Each structure stands twice: as structure tokens, then as C-alpha cells.
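Note: the block below is coords.txt and it holds compact mmCIF, N, CA and C atoms.
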# COMPACT_ATOMS: atom_id res chain seq x y z
N SER A 1 -34.95 49.31 15.56
CA SER A 1 -34.55 47.93 15.44
C SER A 1 -34.68 47.43 14.00
N PHE A 2 -35.50 48.11 13.18
CA PHE A 2 -35.61 47.70 11.78
C PHE A 2 -34.29 47.91 11.04
N PHE A 3 -33.54 48.92 11.46
CA PHE A 3 -32.26 49.17 10.83
C PHE A 3 -31.32 47.99 11.04
N VAL A 4 -31.26 47.48 12.25
CA VAL A 4 -30.37 46.36 12.55
C VAL A 4 -30.84 45.10 11.84
N ILE A 5 -32.14 44.88 11.79
CA ILE A 5 -32.66 43.71 11.08
C ILE A 5 -32.33 43.81 9.59
N GLY A 6 -32.52 45.01 9.02
CA GLY A 6 -32.13 45.20 7.62
C GLY A 6 -30.65 44.97 7.41
N LEU A 7 -29.83 45.46 8.32
CA LEU A 7 -28.39 45.27 8.23
C LEU A 7 -28.01 43.79 8.31
N ALA A 8 -28.67 43.06 9.20
CA ALA A 8 -28.37 41.63 9.36
C ALA A 8 -28.69 40.87 8.08
N PHE A 9 -29.81 41.17 7.48
CA PHE A 9 -30.19 40.42 6.29
C PHE A 9 -29.47 40.91 5.04
N VAL A 10 -29.01 42.15 5.02
CA VAL A 10 -28.18 42.61 3.91
C VAL A 10 -26.86 41.86 3.91
N SER A 11 -26.36 41.51 5.09
CA SER A 11 -25.13 40.72 5.18
C SER A 11 -25.32 39.34 4.56
N LEU A 12 -26.53 38.81 4.63
CA LEU A 12 -26.80 37.49 4.08
C LEU A 12 -27.17 37.53 2.60
N CYS A 13 -27.93 38.55 2.20
CA CYS A 13 -28.39 38.66 0.82
C CYS A 13 -28.34 40.13 0.40
N PRO A 14 -27.33 40.52 -0.38
CA PRO A 14 -27.17 41.94 -0.72
C PRO A 14 -28.35 42.55 -1.47
N LEU A 15 -29.18 41.76 -2.13
CA LEU A 15 -30.33 42.32 -2.85
C LEU A 15 -31.37 42.93 -1.90
N ILE A 16 -31.34 42.53 -0.65
CA ILE A 16 -32.28 43.09 0.32
C ILE A 16 -31.98 44.56 0.56
N SER A 17 -30.78 45.01 0.23
CA SER A 17 -30.43 46.42 0.43
C SER A 17 -31.35 47.34 -0.37
N ILE A 18 -31.83 46.89 -1.52
CA ILE A 18 -32.76 47.70 -2.31
C ILE A 18 -34.08 47.89 -1.56
N ILE A 19 -34.60 46.81 -1.02
CA ILE A 19 -35.85 46.88 -0.25
C ILE A 19 -35.65 47.71 1.01
N ALA A 20 -34.52 47.52 1.67
CA ALA A 20 -34.24 48.29 2.89
C ALA A 20 -34.12 49.78 2.57
N PHE A 21 -33.49 50.12 1.44
CA PHE A 21 -33.36 51.52 1.05
C PHE A 21 -34.73 52.15 0.79
N ILE A 22 -35.59 51.44 0.08
CA ILE A 22 -36.94 51.95 -0.19
C ILE A 22 -37.71 52.13 1.12
N TYR A 23 -37.59 51.17 2.03
CA TYR A 23 -38.28 51.25 3.32
C TYR A 23 -37.79 52.47 4.11
N PHE A 24 -36.47 52.65 4.20
CA PHE A 24 -35.95 53.77 4.98
C PHE A 24 -36.23 55.11 4.32
N LEU A 25 -36.29 55.17 3.01
CA LEU A 25 -36.66 56.39 2.32
C LEU A 25 -38.12 56.76 2.65
N PHE A 26 -38.99 55.75 2.64
CA PHE A 26 -40.40 55.98 2.99
C PHE A 26 -40.53 56.46 4.44
N ILE A 27 -39.83 55.80 5.35
CA ILE A 27 -39.89 56.18 6.76
C ILE A 27 -39.34 57.58 6.95
N ARG A 28 -38.27 57.93 6.25
CA ARG A 28 -37.68 59.27 6.35
C ARG A 28 -38.69 60.33 5.91
N MET A 29 -39.40 60.07 4.82
CA MET A 29 -40.40 61.02 4.34
C MET A 29 -41.56 61.13 5.34
N LEU A 30 -41.99 60.00 5.88
CA LEU A 30 -43.11 59.99 6.83
C LEU A 30 -42.75 60.73 8.11
N ILE A 31 -41.60 60.44 8.68
CA ILE A 31 -41.20 61.09 9.93
C ILE A 31 -40.89 62.56 9.69
N GLY A 32 -40.30 62.88 8.53
CA GLY A 32 -40.06 64.28 8.19
C GLY A 32 -41.34 65.08 8.16
N TYR A 33 -42.41 64.52 7.62
CA TYR A 33 -43.71 65.19 7.60
C TYR A 33 -44.25 65.33 9.02
N GLN A 34 -44.17 64.27 9.81
CA GLN A 34 -44.72 64.31 11.16
C GLN A 34 -44.02 65.35 12.03
N VAL A 35 -42.71 65.45 11.92
CA VAL A 35 -41.98 66.39 12.76
C VAL A 35 -42.40 67.82 12.44
N VAL A 36 -42.59 68.13 11.17
CA VAL A 36 -42.90 69.51 10.78
C VAL A 36 -44.37 69.84 10.95
N PHE A 37 -45.26 68.96 10.53
CA PHE A 37 -46.67 69.34 10.41
C PHE A 37 -47.62 68.61 11.37
N ALA A 38 -47.36 67.38 11.75
CA ALA A 38 -48.36 66.60 12.46
C ALA A 38 -48.14 66.51 13.97
N GLU A 39 -46.92 66.59 14.42
CA GLU A 39 -46.65 66.42 15.85
C GLU A 39 -46.75 67.73 16.60
N THR A 40 -47.22 67.65 17.83
CA THR A 40 -47.25 68.81 18.70
C THR A 40 -45.97 68.85 19.52
N LYS A 41 -45.68 70.02 20.07
CA LYS A 41 -44.48 70.16 20.88
C LYS A 41 -44.67 69.41 22.20
N LYS A 42 -43.65 68.63 22.57
CA LYS A 42 -43.72 67.83 23.78
C LYS A 42 -42.57 68.19 24.70
N PRO A 43 -42.69 67.86 25.99
CA PRO A 43 -41.57 68.15 26.90
C PRO A 43 -40.36 67.28 26.54
N ASP A 44 -39.21 67.75 26.93
CA ASP A 44 -37.96 67.04 26.63
C ASP A 44 -37.83 65.83 27.54
N LEU A 45 -37.88 64.66 26.95
CA LEU A 45 -37.66 63.41 27.66
C LEU A 45 -36.47 62.67 27.07
N GLY A 46 -35.46 63.41 26.65
CA GLY A 46 -34.32 62.84 25.93
C GLY A 46 -33.63 61.72 26.67
N GLY A 47 -33.48 61.83 27.99
CA GLY A 47 -32.78 60.80 28.74
C GLY A 47 -33.46 59.45 28.65
N GLU A 48 -34.76 59.43 28.87
CA GLU A 48 -35.49 58.17 28.83
C GLU A 48 -35.53 57.59 27.42
N PHE A 49 -35.75 58.45 26.43
CA PHE A 49 -35.77 57.96 25.06
C PHE A 49 -34.39 57.48 24.62
N TRP A 50 -33.34 58.16 25.07
CA TRP A 50 -31.98 57.75 24.71
C TRP A 50 -31.68 56.37 25.28
N VAL A 51 -32.03 56.14 26.54
CA VAL A 51 -31.77 54.85 27.16
C VAL A 51 -32.57 53.76 26.46
N THR A 52 -33.82 54.03 26.14
CA THR A 52 -34.64 53.05 25.42
C THR A 52 -34.05 52.76 24.05
N SER A 53 -33.57 53.78 23.37
CA SER A 53 -32.95 53.59 22.07
C SER A 53 -31.69 52.74 22.17
N MET A 54 -30.90 52.98 23.20
CA MET A 54 -29.69 52.18 23.39
C MET A 54 -30.03 50.72 23.68
N LYS A 55 -31.09 50.49 24.44
CA LYS A 55 -31.50 49.11 24.71
C LYS A 55 -32.01 48.42 23.44
N HIS A 56 -32.68 49.17 22.58
CA HIS A 56 -33.12 48.60 21.30
C HIS A 56 -31.92 48.26 20.43
N CYS A 57 -30.92 49.11 20.44
CA CYS A 57 -29.69 48.82 19.68
C CYS A 57 -29.01 47.57 20.23
N GLN A 58 -28.97 47.43 21.54
CA GLN A 58 -28.37 46.23 22.14
C GLN A 58 -29.15 44.98 21.72
N PHE A 59 -30.46 45.07 21.71
CA PHE A 59 -31.26 43.93 21.27
C PHE A 59 -31.00 43.63 19.79
N GLY A 60 -30.86 44.68 19.00
CA GLY A 60 -30.55 44.49 17.58
C GLY A 60 -29.21 43.81 17.38
N VAL A 61 -28.22 44.14 18.20
CA VAL A 61 -26.93 43.48 18.11
C VAL A 61 -27.07 42.00 18.47
N LEU A 62 -27.92 41.70 19.46
CA LEU A 62 -28.17 40.30 19.82
C LEU A 62 -28.77 39.55 18.62
N VAL A 63 -29.74 40.16 17.97
CA VAL A 63 -30.35 39.53 16.78
C VAL A 63 -29.28 39.29 15.72
N TYR A 64 -28.42 40.29 15.51
CA TYR A 64 -27.36 40.16 14.50
C TYR A 64 -26.41 39.02 14.86
N ILE A 65 -26.00 38.93 16.12
CA ILE A 65 -25.10 37.86 16.54
C ILE A 65 -25.74 36.50 16.32
N LEU A 66 -27.01 36.36 16.71
CA LEU A 66 -27.68 35.07 16.56
C LEU A 66 -27.87 34.68 15.10
N VAL A 67 -28.25 35.65 14.26
CA VAL A 67 -28.46 35.35 12.84
C VAL A 67 -27.14 34.96 12.17
N MET A 68 -26.07 35.70 12.46
CA MET A 68 -24.78 35.39 11.84
C MET A 68 -24.22 34.06 12.35
N THR A 69 -24.42 33.78 13.64
CA THR A 69 -23.97 32.49 14.17
C THR A 69 -24.71 31.34 13.52
N ALA A 70 -26.03 31.49 13.36
CA ALA A 70 -26.82 30.44 12.71
C ALA A 70 -26.42 30.28 11.24
N ALA A 71 -26.16 31.39 10.56
CA ALA A 71 -25.74 31.30 9.15
C ALA A 71 -24.39 30.61 9.02
N LEU A 72 -23.47 30.93 9.90
CA LEU A 72 -22.17 30.27 9.87
C LEU A 72 -22.29 28.78 10.20
N TYR A 73 -23.15 28.45 11.13
CA TYR A 73 -23.34 27.05 11.49
C TYR A 73 -23.91 26.25 10.32
N GLN A 74 -24.84 26.87 9.60
CA GLN A 74 -25.47 26.18 8.47
C GLN A 74 -24.53 26.07 7.28
N ARG A 75 -23.76 27.10 6.99
CA ARG A 75 -22.97 27.15 5.76
C ARG A 75 -21.55 26.60 5.88
N ALA A 76 -21.01 26.56 7.08
CA ALA A 76 -19.62 26.12 7.24
C ALA A 76 -19.54 24.60 7.29
N ASP A 77 -18.34 24.09 6.95
CA ASP A 77 -18.13 22.64 6.99
C ASP A 77 -17.96 22.12 8.41
N SER A 78 -17.52 22.97 9.31
CA SER A 78 -17.35 22.56 10.70
C SER A 78 -18.08 23.56 11.60
N PRO A 79 -18.34 23.18 12.83
CA PRO A 79 -19.05 24.09 13.74
C PRO A 79 -18.16 25.16 14.36
N TYR A 80 -16.87 25.15 14.08
CA TYR A 80 -15.96 26.08 14.73
C TYR A 80 -16.22 27.56 14.39
N PRO A 81 -16.48 27.91 13.13
CA PRO A 81 -16.79 29.34 12.87
C PRO A 81 -18.02 29.84 13.63
N ALA A 82 -19.04 28.99 13.73
CA ALA A 82 -20.23 29.39 14.47
C ALA A 82 -19.92 29.52 15.96
N ALA A 83 -19.08 28.63 16.47
CA ALA A 83 -18.72 28.70 17.89
C ALA A 83 -17.94 29.98 18.18
N ILE A 84 -17.03 30.34 17.27
CA ILE A 84 -16.26 31.57 17.46
C ILE A 84 -17.18 32.79 17.41
N ALA A 85 -18.11 32.80 16.45
CA ALA A 85 -19.07 33.91 16.37
C ALA A 85 -19.98 33.92 17.59
N GLY A 86 -20.36 32.76 18.09
CA GLY A 86 -21.23 32.67 19.25
C GLY A 86 -20.56 33.16 20.52
N LEU A 87 -19.22 33.09 20.56
CA LEU A 87 -18.50 33.59 21.73
C LEU A 87 -18.66 35.09 21.92
N SER A 88 -19.07 35.79 20.87
CA SER A 88 -19.30 37.23 21.02
C SER A 88 -20.48 37.52 21.95
N LEU A 89 -21.31 36.50 22.22
CA LEU A 89 -22.39 36.68 23.18
C LEU A 89 -21.86 36.99 24.57
N ILE A 90 -20.67 36.48 24.90
CA ILE A 90 -20.07 36.77 26.21
C ILE A 90 -19.84 38.27 26.34
N HIS A 91 -19.27 38.87 25.32
CA HIS A 91 -19.03 40.32 25.35
C HIS A 91 -20.35 41.09 25.35
N TRP A 92 -21.33 40.59 24.60
CA TRP A 92 -22.62 41.27 24.55
C TRP A 92 -23.28 41.27 25.93
N VAL A 93 -23.29 40.13 26.60
CA VAL A 93 -23.89 40.05 27.94
C VAL A 93 -23.15 40.98 28.89
N ASP A 94 -21.82 41.00 28.84
CA ASP A 94 -21.02 41.88 29.69
C ASP A 94 -21.36 43.35 29.41
N SER A 95 -21.53 43.70 28.15
CA SER A 95 -21.86 45.08 27.79
C SER A 95 -23.25 45.48 28.28
N VAL A 96 -24.21 44.59 28.17
CA VAL A 96 -25.57 44.89 28.64
C VAL A 96 -25.58 45.07 30.16
N ILE A 97 -24.88 44.20 30.86
CA ILE A 97 -24.82 44.31 32.32
C ILE A 97 -24.14 45.62 32.72
N ALA A 98 -23.03 45.95 32.04
CA ALA A 98 -22.33 47.21 32.36
C ALA A 98 -23.21 48.42 32.06
N PHE A 99 -23.95 48.39 30.97
CA PHE A 99 -24.84 49.51 30.64
C PHE A 99 -25.92 49.69 31.69
N ASN A 100 -26.50 48.59 32.13
CA ASN A 100 -27.58 48.67 33.11
C ASN A 100 -27.09 49.06 34.50
N ASP A 101 -25.86 48.66 34.85
CA ASP A 101 -25.35 48.91 36.20
C ASP A 101 -24.55 50.20 36.32
N LYS A 102 -23.88 50.61 35.27
CA LYS A 102 -22.94 51.73 35.36
C LYS A 102 -23.64 53.09 35.34
N PHE A 103 -24.67 53.23 34.54
CA PHE A 103 -25.30 54.52 34.35
C PHE A 103 -26.52 54.66 35.26
N CYS A 104 -26.46 55.60 36.20
CA CYS A 104 -27.59 55.90 37.09
C CYS A 104 -28.31 57.12 36.52
N TRP A 105 -29.03 56.93 35.44
CA TRP A 105 -29.61 58.07 34.73
C TRP A 105 -30.94 58.50 35.33
N GLU A 106 -31.61 57.64 36.09
CA GLU A 106 -32.92 58.01 36.62
C GLU A 106 -32.82 58.84 37.89
N SER A 107 -31.77 58.64 38.65
CA SER A 107 -31.66 59.38 39.90
C SER A 107 -30.20 59.48 40.32
N LEU A 108 -29.89 60.53 41.04
CA LEU A 108 -28.59 60.70 41.65
C LEU A 108 -28.74 60.55 43.15
N SER A 109 -27.70 60.07 43.79
CA SER A 109 -27.77 59.97 45.24
C SER A 109 -27.68 61.37 45.85
N GLN A 110 -28.13 61.49 47.07
CA GLN A 110 -28.13 62.79 47.75
C GLN A 110 -26.71 63.32 47.88
N GLU A 111 -25.75 62.46 48.12
CA GLU A 111 -24.36 62.89 48.26
C GLU A 111 -23.84 63.51 46.96
N GLU A 112 -24.19 62.90 45.83
CA GLU A 112 -23.74 63.43 44.54
C GLU A 112 -24.37 64.80 44.26
N VAL A 113 -25.65 64.96 44.60
CA VAL A 113 -26.32 66.24 44.38
C VAL A 113 -25.67 67.32 45.23
N ILE A 114 -25.38 67.03 46.49
CA ILE A 114 -24.74 68.01 47.38
C ILE A 114 -23.35 68.36 46.88
N ALA A 115 -22.59 67.37 46.43
CA ALA A 115 -21.24 67.63 45.92
C ALA A 115 -21.28 68.52 44.68
N ILE A 116 -22.23 68.29 43.79
CA ILE A 116 -22.37 69.12 42.59
C ILE A 116 -22.76 70.55 42.97
N GLN A 117 -23.69 70.69 43.91
CA GLN A 117 -24.09 72.03 44.34
C GLN A 117 -22.93 72.79 44.99
N GLN A 118 -22.11 72.10 45.77
CA GLN A 118 -20.95 72.75 46.38
C GLN A 118 -19.94 73.18 45.33
N GLN A 119 -19.73 72.36 44.31
CA GLN A 119 -18.82 72.73 43.23
C GLN A 119 -19.34 73.94 42.48
N GLU A 120 -20.65 74.01 42.26
CA GLU A 120 -21.23 75.16 41.56
C GLU A 120 -21.08 76.43 42.39
N GLU A 121 -21.27 76.33 43.69
CA GLU A 121 -21.14 77.51 44.56
C GLU A 121 -19.71 78.03 44.59
N LEU A 122 -18.74 77.12 44.51
CA LEU A 122 -17.33 77.52 44.53
C LEU A 122 -16.81 77.90 43.14
N GLY A 123 -17.65 77.76 42.13
CA GLY A 123 -17.24 78.08 40.77
C GLY A 123 -16.36 77.01 40.15
N GLN A 124 -16.38 75.81 40.70
CA GLN A 124 -15.55 74.72 40.19
C GLN A 124 -16.34 73.71 39.36
N ALA A 125 -17.59 74.01 39.11
CA ALA A 125 -18.43 73.07 38.36
C ALA A 125 -17.96 73.00 36.92
N HIS A 126 -18.28 71.92 36.29
CA HIS A 126 -17.93 71.72 34.88
C HIS A 126 -18.59 72.80 34.04
N GLN A 127 -17.80 73.47 33.23
CA GLN A 127 -18.33 74.54 32.39
C GLN A 127 -19.09 73.95 31.21
N MET A 128 -20.32 74.37 31.05
CA MET A 128 -21.13 73.92 29.93
C MET A 128 -20.83 74.77 28.70
N ARG A 129 -20.98 74.18 27.54
CA ARG A 129 -20.75 74.90 26.30
C ARG A 129 -21.84 75.95 26.14
N LYS A 130 -21.44 77.16 25.81
CA LYS A 130 -22.38 78.26 25.62
C LYS A 130 -23.07 78.11 24.26
N ALA A 131 -24.33 78.49 24.22
CA ALA A 131 -25.07 78.46 22.96
C ALA A 131 -24.52 79.53 22.01
N LEU A 132 -24.43 79.18 20.75
CA LEU A 132 -23.90 80.10 19.75
C LEU A 132 -24.97 81.05 19.21
N ARG A 133 -26.23 80.72 19.39
CA ARG A 133 -27.33 81.56 18.92
C ARG A 133 -28.51 81.40 19.85
N GLY A 134 -29.52 82.22 19.62
CA GLY A 134 -30.73 82.13 20.43
C GLY A 134 -31.56 80.92 20.03
N THR A 135 -32.75 80.85 20.53
CA THR A 135 -33.63 79.74 20.24
C THR A 135 -34.05 79.75 18.78
N TYR A 136 -34.05 78.59 18.15
CA TYR A 136 -34.48 78.46 16.76
C TYR A 136 -35.99 78.25 16.73
N ILE A 137 -36.66 79.00 15.88
CA ILE A 137 -38.09 78.85 15.67
C ILE A 137 -38.30 78.58 14.19
N GLN A 138 -38.96 77.47 13.89
CA GLN A 138 -39.18 77.10 12.52
C GLN A 138 -40.14 78.10 11.86
N PRO A 139 -39.76 78.65 10.69
CA PRO A 139 -40.58 79.70 10.06
C PRO A 139 -42.01 79.26 9.76
N GLU A 140 -42.23 77.97 9.44
CA GLU A 140 -43.57 77.51 9.11
C GLU A 140 -44.51 77.55 10.31
N LEU A 141 -43.95 77.57 11.52
CA LEU A 141 -44.78 77.50 12.72
C LEU A 141 -45.04 78.88 13.34
N VAL A 142 -44.52 79.93 12.74
CA VAL A 142 -44.69 81.27 13.28
C VAL A 142 -45.98 81.86 12.74
N ASP A 143 -46.81 82.39 13.63
CA ASP A 143 -48.05 83.06 13.20
C ASP A 143 -47.70 84.42 12.62
N ASP A 144 -48.25 84.72 11.47
CA ASP A 144 -47.99 86.04 10.84
C ASP A 144 -48.95 87.08 11.31
Can you give me the file's structure in the form of C-alpha cells?
Amino acid sequence: SFFVIGLAFVSLCPLISIIAFIYFLFIRMLIGYQVVFAETKKPDLGGEFWVTSMKHCQFGVLVYILVMTAALYQRADSPYPAAIAGLSLIHWVDSVIAFNDKFCWESLSQEEVIAIQQQEELGQAHQMRKALRGTYIQPELVDD
């Protein structure tokens, strides 16, 4: 969400881009160190993290819409530009509702599971992309 906040304020004051660049460079170095040396291997929870990340992005878009609407309201001679920008909240609400209702990522119904298993047994299941190489092992983590 810091990325969206930085983006929102860069739109208002371009000099903030220097501070945002320094911040993201620092975070990149910190996370790069943690991934290689400080973090332990964890189970794959990509689905849950992906959904949480998407919800954070949606919240960031809400912040951006509100900040830009307020800036237009303050700086414009009439309230019409702010009203037009504020109308984007309708699309945002619709998108959030669709995201929450459309994707059943936590569970599948029993009927869907049975249908997928039947397709796999008949050889009609969706073909997954084959891996081009074996498992990658980072050289720094291999015991000599």
C-alpha cells in the first residue's frame, strides 16, 4: 500500500518521487537480504497472500480516488471536476463486490471437484504447462 500512497502524492507533488525512490530502494535492499539470508523456507500460501495483496491494491485505489477527488475539489473553480472524479467510486465499489463474490478461492463445491476429477480421468482436463527445468536450488544455501 506504500506504493499506491507514494503514487498518489507524486501526482500532487513531483518532488516526492525522490523520497519515494529512496524509500523503495531501501525496501528493495532490505527484502532482498531477507529473502536470501534471513528468512526460512515456508509452505506455499500463494493463494491467500495473493488475495490479500489484491485487497490491499483495491484499498490503495480507494485512497487514490479520494485524494484526487479532494485535490480537484480544492483546486478547481467549480465542484464538477471533483464530482466526475468521485463518480469513479461507483466502479470501484462494483469491482470490489465482483472480486469478493466471483472468485471462490478458499473452497470448491463438491460438484466442481467431482467434475474436475471426471475430466482428469477421461484425459480432458486442462493441460498444465510443463516445467522447463528441474527444481532451482540457490547456490548459497547448498551445504558443501
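CA of Thr135 (chain A) to CA of Gly123 (chain A) spans 26.3 Å [interatomic distance, one decimal].
When CA of Tyr33 (chain A) is paired with CA of Val10 (chain A), their separation reads 27.7 Å.
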Next on the checklist: If I take CA of Met54 (chain A) and CA of Asn100 (chain A), how far is one from the other in Å, to one decimal?
Outcome noted: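 CA of Asn100 (chain A) lies at a distance of 10.5 Å from CA of Met54 (chain A).
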Checklist entry - Got a sec to check which residues sit within 12 Å of (-31.1, 48.7, 18.5), counting only C-alpha atoms, and write them as a list in words? => result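 The residues that fall inside the cut-off are Ser1, Phe2, Phe3, Val4, Ile5, Gly6, Leu7, Ala8, Trp50, Val51, Thr52, Ser53, Met54, Lys55, His56, Cys57, Gln58, Phe59, Gly60, Val61, Leu62, Val63 and Tyr64 of chain A.
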Item to check | Test item, alpha helix (DSSP H) assignment across chain A, answer as number ranges by chain | outcome: A: 2-12, 16-33, 46-75, 80-86, 88-102, 110-121
